[in-house]
Amino acid sequence: MSNAAAPAREGPDRSDAPAHVAIIMDGNGRWAAARGLPRAEGHRRGVEALRRVVRASHELGIRYLTIFSFSSENWSRPASEIGDLFGLLRRFIRNDLASLHRDGVKVRIIGERDGLESDICALLNEAEELTRDNTRLTLVVAFNYGSRQEIAKAAQKLAREVADGKRDPDTIDAETIGVHLDAPDIPDPDLIIRTSGEQRLSNFLMWQAAYSELVFVPIHWPDFDKAALESAIAEFARRERRFGGLVAKTAS
Ligand code: FPP
């Protein structure tokens, strides 16, 4: 064996890892079209990418991973594609819940559950119930989620408290609104990644993204892997976060 020193390791150190990474998993359709495959195959391969990224997140020391799996606006897609996406969610929970639980993953769901089919609601509840005491990684699945809808719901709850005489309107501030959102106990994302080259938030975590670092990567979601995640984290680690002040704060 050679005595030469090992080459410097590519990619981030565990200590660079942001506590909370959120991902807009975009480009499944374009990935499929580029290969002459149906869009459904792009989404199916997207679930495989998701499995890889959950595993990589454990390994990189990420504490919270939020994924945008179905947006409030995705209802405008053809019924067959909506059926495919719901089918994949059903299969993901049925097939992967036991191994997620074994790996110490806590599953949380954000988004609107009213109006979803009862079997989907039952699966979402089962995933949250089974994994509620796990602590290694929290996987937040944004399903039937839209940030404007989430903020409007928070406003409704607060308006009701005022109407019921339980709250003085002058007590409503940014923190009060934050605690009325879907997952107030989860810290804001440090890093938001969007794949496939698009550069927008598309109604994803708009309140929580106030000081998130945004990283846009050109590759389509089915091709996303641990190396791509490491490279996004390395980009994050090069950013200086000042949160409106003058002094840089540590990366996460
Ligand atoms: C965007 O690609 C992706 C989605 C709308 C859904 C993301 C879903 C998955 C990765 C699989 C399902 C997830 C779970 C948890 C089961 P697009 O269809 O908008 O791609 P395009 O912009 O190239 O058309």
# chains A, B, ... in the order shown; residues from 1 in each chain; ligands from 1
>>> residues_near_ligand(ligand="ligand 1", cutoff="6 Å", atoms="only C-alpha atoms and all ligand atoms", output="PyMOL selection string")
chain A and resi 25-30+43+46-47+69-70+85+88-89+92
>>> residues_around(residues="His58 in chain A", least_positions_apart="4", cutoff="9 Å", atoms="only C-alpha atoms", output="VMD selection string")
chain A and resid 53 to 54 62 to 63 103 105 136 to 137
>>> closest_residue(among="A:Leu65, A:Leu191, A:Arg35, A:Thr138", to="Glu235 in chain A", atoms="only C-alpha atoms")
A:Leu191
>>> select_by_dssp(residues="range 2-97 of chain A", states="alpha helix (DSSP H)", output="VMD selection string")
chain A and resid 28 to 34 39 to 60 79 to 97
>>> select_by_dssp(residues="range 48-117 of chain A", states="strand (DSSP E)", output="CSV table (one decimal) with N, CA and C atoms, in the first residue's frame")
chain,number,residue,atom,x,y,z
A,64,TYR,N,-33.4,17.8,10.2
A,64,TYR,CA,-34.7,17.9,9.7
A,64,TYR,C,-34.6,18.0,8.1
A,65,LEU,N,-35.5,17.2,7.5
A,65,LEU,CA,-35.5,17.2,6.0
A,65,LEU,C,-37.0,17.4,5.6
A,66,THR,N,-37.2,18.5,4.9
A,66,THR,CA,-38.6,18.7,4.5
A,66,THR,C,-38.7,18.5,2.9
A,67,ILE,N,-39.7,17.8,2.5
A,67,ILE,CA,-39.8,17.6,1.0
A,67,ILE,C,-41.2,18.0,0.6
A,68,PHE,N,-41.2,18.7,-0.6
A,68,PHE,CA,-42.4,19.1,-1.2
A,68,PHE,C,-43.0,18.0,-2.1
A,69,SER,N,-43.9,17.3,-1.7
A,69,SER,CA,-44.3,16.1,-2.5
A,69,SER,C,-45.6,16.3,-3.2
A,70,PHE,N,-46.5,17.2,-2.8
A,70,PHE,CA,-47.7,17.5,-3.6
A,70,PHE,C,-48.2,18.9,-3.1
A,71,SER,N,-48.3,19.8,-4.1
A,71,SER,CA,-48.6,21.2,-3.7
A,71,SER,C,-50.1,21.4,-3.9
A,105,VAL,N,-36.3,7.6,12.1
A,105,VAL,CA,-36.9,8.7,11.4
A,105,VAL,C,-38.3,9.0,12.0
A,106,LYS,N,-38.5,10.3,12.4
A,106,LYS,CA,-39.8,10.8,12.8
A,106,LYS,C,-40.5,11.4,11.6
A,107,VAL,N,-41.7,10.9,11.2
A,107,VAL,CA,-42.4,11.5,10.1
A,107,VAL,C,-43.4,12.5,10.5
A,108,ARG,N,-43.4,13.7,9.9
A,108,ARG,CA,-44.4,14.7,10.1
A,108,ARG,C,-45.0,15.1,8.8
A,109,ILE,N,-46.2,15.5,8.8
A,109,ILE,CA,-46.9,15.9,7.6
A,109,ILE,C,-47.4,17.3,7.8
A,110,ILE,N,-47.1,18.1,6.8
A,110,ILE,CA,-47.7,19.5,6.8
A,110,ILE,C,-48.6,19.6,5.5
>>> residues_around(residues="Thr176 in chain A", least_positions_apart="2", cutoff="12 Å", atoms="only C-alpha atoms", output="PyMOL selection string")
chain A and resi 151+154-155+157-159+161+167-174+178-181+184
>>> write_last_selection(atoms="C-alpha atoms", output="tab-separated table (two decimals), in the first residue's frame")
chain	number	residue	atom	x	y	z
A	151	ILE	CA	-50.65	31.37	6.46
A	154	ALA	CA	-53.08	30.64	10.81
A	155	ALA	CA	-54.90	33.98	10.26
A	157	LYS	CA	-57.26	30.57	13.87
A	158	LEU	CA	-56.10	33.91	15.26
A	159	ALA	CA	-59.25	35.71	14.04
A	161	GLU	CA	-59.43	33.59	19.05
A	167	ARG	CA	-57.06	37.30	22.28
A	168	ASP	CA	-56.29	41.00	22.07
A	169	PRO	CA	-55.44	41.82	18.40
A	170	ASP	CA	-52.48	43.89	19.61
A	171	THR	CA	-50.80	40.66	20.80
A	172	ILE	CA	-50.53	39.34	17.23
A	173	ASP	CA	-46.97	39.57	15.98
A	174	ALA	CA	-44.68	37.51	13.74
A	178	GLY	CA	-45.38	31.40	13.42
A	179	VAL	CA	-46.82	29.30	16.25
A	180	HIS	CA	-50.13	28.95	14.40
A	181	LEU	CA	-48.50	27.40	11.31
A	184	PRO	CA	-44.40	25.39	14.83
>>> decode(residues="range 81-107 of chain A", atoms="N, CA and C atoms", output="PDB file, in the first residue's frame")
ATOM      1  N   GLU A  81     -52.319  11.887 -13.557  1.00  0.00           N
ATOM      2  CA  GLU A  81     -51.043  12.172 -12.879  1.00  0.00           C
ATOM      3  C   GLU A  81     -51.264  12.354 -11.375  1.00  0.00           C
ATOM      4  N   ILE A  82     -52.386  12.989 -11.015  1.00  0.00           N
ATOM      5  CA  ILE A  82     -52.679  13.135  -9.580  1.00  0.00           C
ATOM      6  C   ILE A  82     -52.825  11.738  -8.962  1.00  0.00           C
ATOM      7  N   GLY A  83     -53.504  10.857  -9.695  1.00  0.00           N
ATOM      8  CA  GLY A  83     -53.662   9.471  -9.216  1.00  0.00           C
ATOM      9  C   GLY A  83     -52.301   8.802  -9.039  1.00  0.00           C
ATOM     10  N   ASP A  84     -51.388   9.041  -9.990  1.00  0.00           N
ATOM     11  CA  ASP A  84     -50.045   8.438  -9.882  1.00  0.00           C
ATOM     12  C   ASP A  84     -49.330   8.943  -8.629  1.00  0.00           C
ATOM     13  N   LEU A  85     -49.413  10.266  -8.396  1.00  0.00           N
ATOM     14  CA  LEU A  85     -48.694  10.851  -7.250  1.00  0.00           C
ATOM     15  C   LEU A  85     -49.285  10.346  -5.927  1.00  0.00           C
ATOM     16  N   PHE A  86     -50.618  10.238  -5.867  1.00  0.00           N
ATOM     17  CA  PHE A  86     -51.228   9.709  -4.644  1.00  0.00           C
ATOM     18  C   PHE A  86     -50.859   8.232  -4.462  1.00  0.00           C
ATOM     19  N   GLY A  87     -50.815   7.504  -5.581  1.00  0.00           N
ATOM     20  CA  GLY A  87     -50.436   6.087  -5.506  1.00  0.00           C
ATOM     21  C   GLY A  87     -49.019   5.935  -4.973  1.00  0.00           C
ATOM     22  N   LEU A  88     -48.125   6.818  -5.421  1.00  0.00           N
ATOM     23  CA  LEU A  88     -46.736   6.731  -4.955  1.00  0.00           C
ATOM     24  C   LEU A  88     -46.642   7.038  -3.466  1.00  0.00           C
ATOM     25  N   LEU A  89     -47.433   8.007  -3.011  1.00  0.00           N
ATOM     26  CA  LEU A  89     -47.399   8.320  -1.569  1.00  0.00           C
ATOM     27  C   LEU A  89     -47.893   7.118  -0.769  1.00  0.00           C
ATOM     28  N   ARG A  90     -49.011   6.530  -1.242  1.00  0.00           N
ATOM     29  CA  ARG A  90     -49.529   5.339  -0.539  1.00  0.00           C
ATOM     30  C   ARG A  90     -48.453   4.259  -0.459  1.00  0.00           C
ATOM     31  N   ARG A  91     -47.826   4.000  -1.635  1.00  0.00           N
ATOM     32  CA  ARG A  91     -46.820   2.932  -1.668  1.00  0.00           C
ATOM     33  C   ARG A  91     -45.602   3.288  -0.823  1.00  0.00           C
ATOM     34  N   PHE A  92     -45.204   4.550  -0.858  1.00  0.00           N
ATOM     35  CA  PHE A  92     -44.034   4.978  -0.079  1.00  0.00           C
ATOM     36  C   PHE A  92     -44.292   4.705   1.403  1.00  0.00           C
ATOM     37  N   ILE A  93     -45.478   5.073   1.890  1.00  0.00           N
ATOM     38  CA  ILE A  93     -45.738   4.859   3.328  1.00  0.00           C
ATOM     39  C   ILE A  93     -45.862   3.368   3.619  1.00  0.00           C
ATOM     40  N   ARG A  94     -46.604   2.652   2.765  1.00  0.00           N
ATOM     41  CA  ARG A  94     -46.774   1.214   3.046  1.00  0.00           C
ATOM     42  C   ARG A  94     -45.441   0.472   3.005  1.00  0.00           C
ATOM     43  N   ASN A  95     -44.603   0.787   2.011  1.00  0.00           N
ATOM     44  CA  ASN A  95     -43.361   0.011   1.831  1.00  0.00           C
ATOM     45  C   ASN A  95     -42.219   0.496   2.715  1.00  0.00           C
ATOM     46  N   ASP A  96     -42.177   1.789   3.011  1.00  0.00           N
ATOM     47  CA  ASP A  96     -40.969   2.346   3.631  1.00  0.00           C
ATOM     48  C   ASP A  96     -41.148   2.709   5.102  1.00  0.00           C
ATOM     49  N   LEU A  97     -42.395   2.692   5.592  1.00  0.00           N
ATOM     50  CA  LEU A  97     -42.596   3.189   6.955  1.00  0.00           C
ATOM     51  C   LEU A  97     -41.801   2.369   7.985  1.00  0.00           C
ATOM     52  N   ALA A  98     -41.827   1.039   7.827  1.00  0.00           N
ATOM     53  CA  ALA A  98     -41.143   0.196   8.818  1.00  0.00           C
ATOM     54  C   ALA A  98     -39.646   0.504   8.839  1.00  0.00           C
ATOM     55  N   SER A  99     -39.047   0.655   7.648  1.00  0.00           N
ATOM     56  CA  SER A  99     -37.592   0.894   7.651  1.00  0.00           C
ATOM     57  C   SER A  99     -37.269   2.314   8.113  1.00  0.00           C
ATOM     58  N   LEU A 100     -38.137   3.273   7.803  1.00  0.00           N
ATOM     59  CA  LEU A 100     -37.906   4.627   8.325  1.00  0.00           C
ATOM     60  C   LEU A 100     -37.931   4.580   9.852  1.00  0.00           C
ATOM     61  N   HIS A 101     -38.903   3.855  10.395  1.00  0.00           N
ATOM     62  CA  HIS A 101     -39.047   3.743  11.853  1.00  0.00           C
ATOM     63  C   HIS A 101     -37.808   3.079  12.465  1.00  0.00           C
ATOM     64  N   ARG A 102     -37.363   2.004  11.816  1.00  0.00           N
ATOM     65  CA  ARG A 102     -36.176   1.290  12.301  1.00  0.00           C
ATOM     66  C   ARG A 102     -34.950   2.207  12.293  1.00  0.00           C
ATOM     67  N   ASP A 103     -34.890   3.111  11.318  1.00  0.00           N
ATOM     68  CA  ASP A 103     -33.744   4.024  11.213  1.00  0.00           C
ATOM     69  C   ASP A 103     -33.890   5.258  12.101  1.00  0.00           C
ATOM     70  N   GLY A 104     -34.923   5.302  12.917  1.00  0.00           N
ATOM     71  CA  GLY A 104     -35.060   6.419  13.863  1.00  0.00           C
ATOM     72  C   GLY A 104     -35.613   7.690  13.237  1.00  0.00           C
ATOM     73  N   VAL A 105     -36.327   7.552  12.111  1.00  0.00           N
ATOM     74  CA  VAL A 105     -36.885   8.736  11.437  1.00  0.00           C
ATOM     75  C   VAL A 105     -38.269   9.043  12.003  1.00  0.00           C
ATOM     76  N   LYS A 106     -38.460  10.304  12.368  1.00  0.00           N
ATOM     77  CA  LYS A 106     -39.784  10.772  12.787  1.00  0.00           C
ATOM     78  C   LYS A 106     -40.453  11.397  11.565  1.00  0.00           C
ATOM     79  N   VAL A 107     -41.658  10.930  11.231  1.00  0.00           N
ATOM     80  CA  VAL A 107     -42.363  11.477  10.060  1.00  0.00           C
ATOM     81  C   VAL A 107     -43.376  12.516  10.527  1.00  0.00           C
TER      82      VAL A 107
END
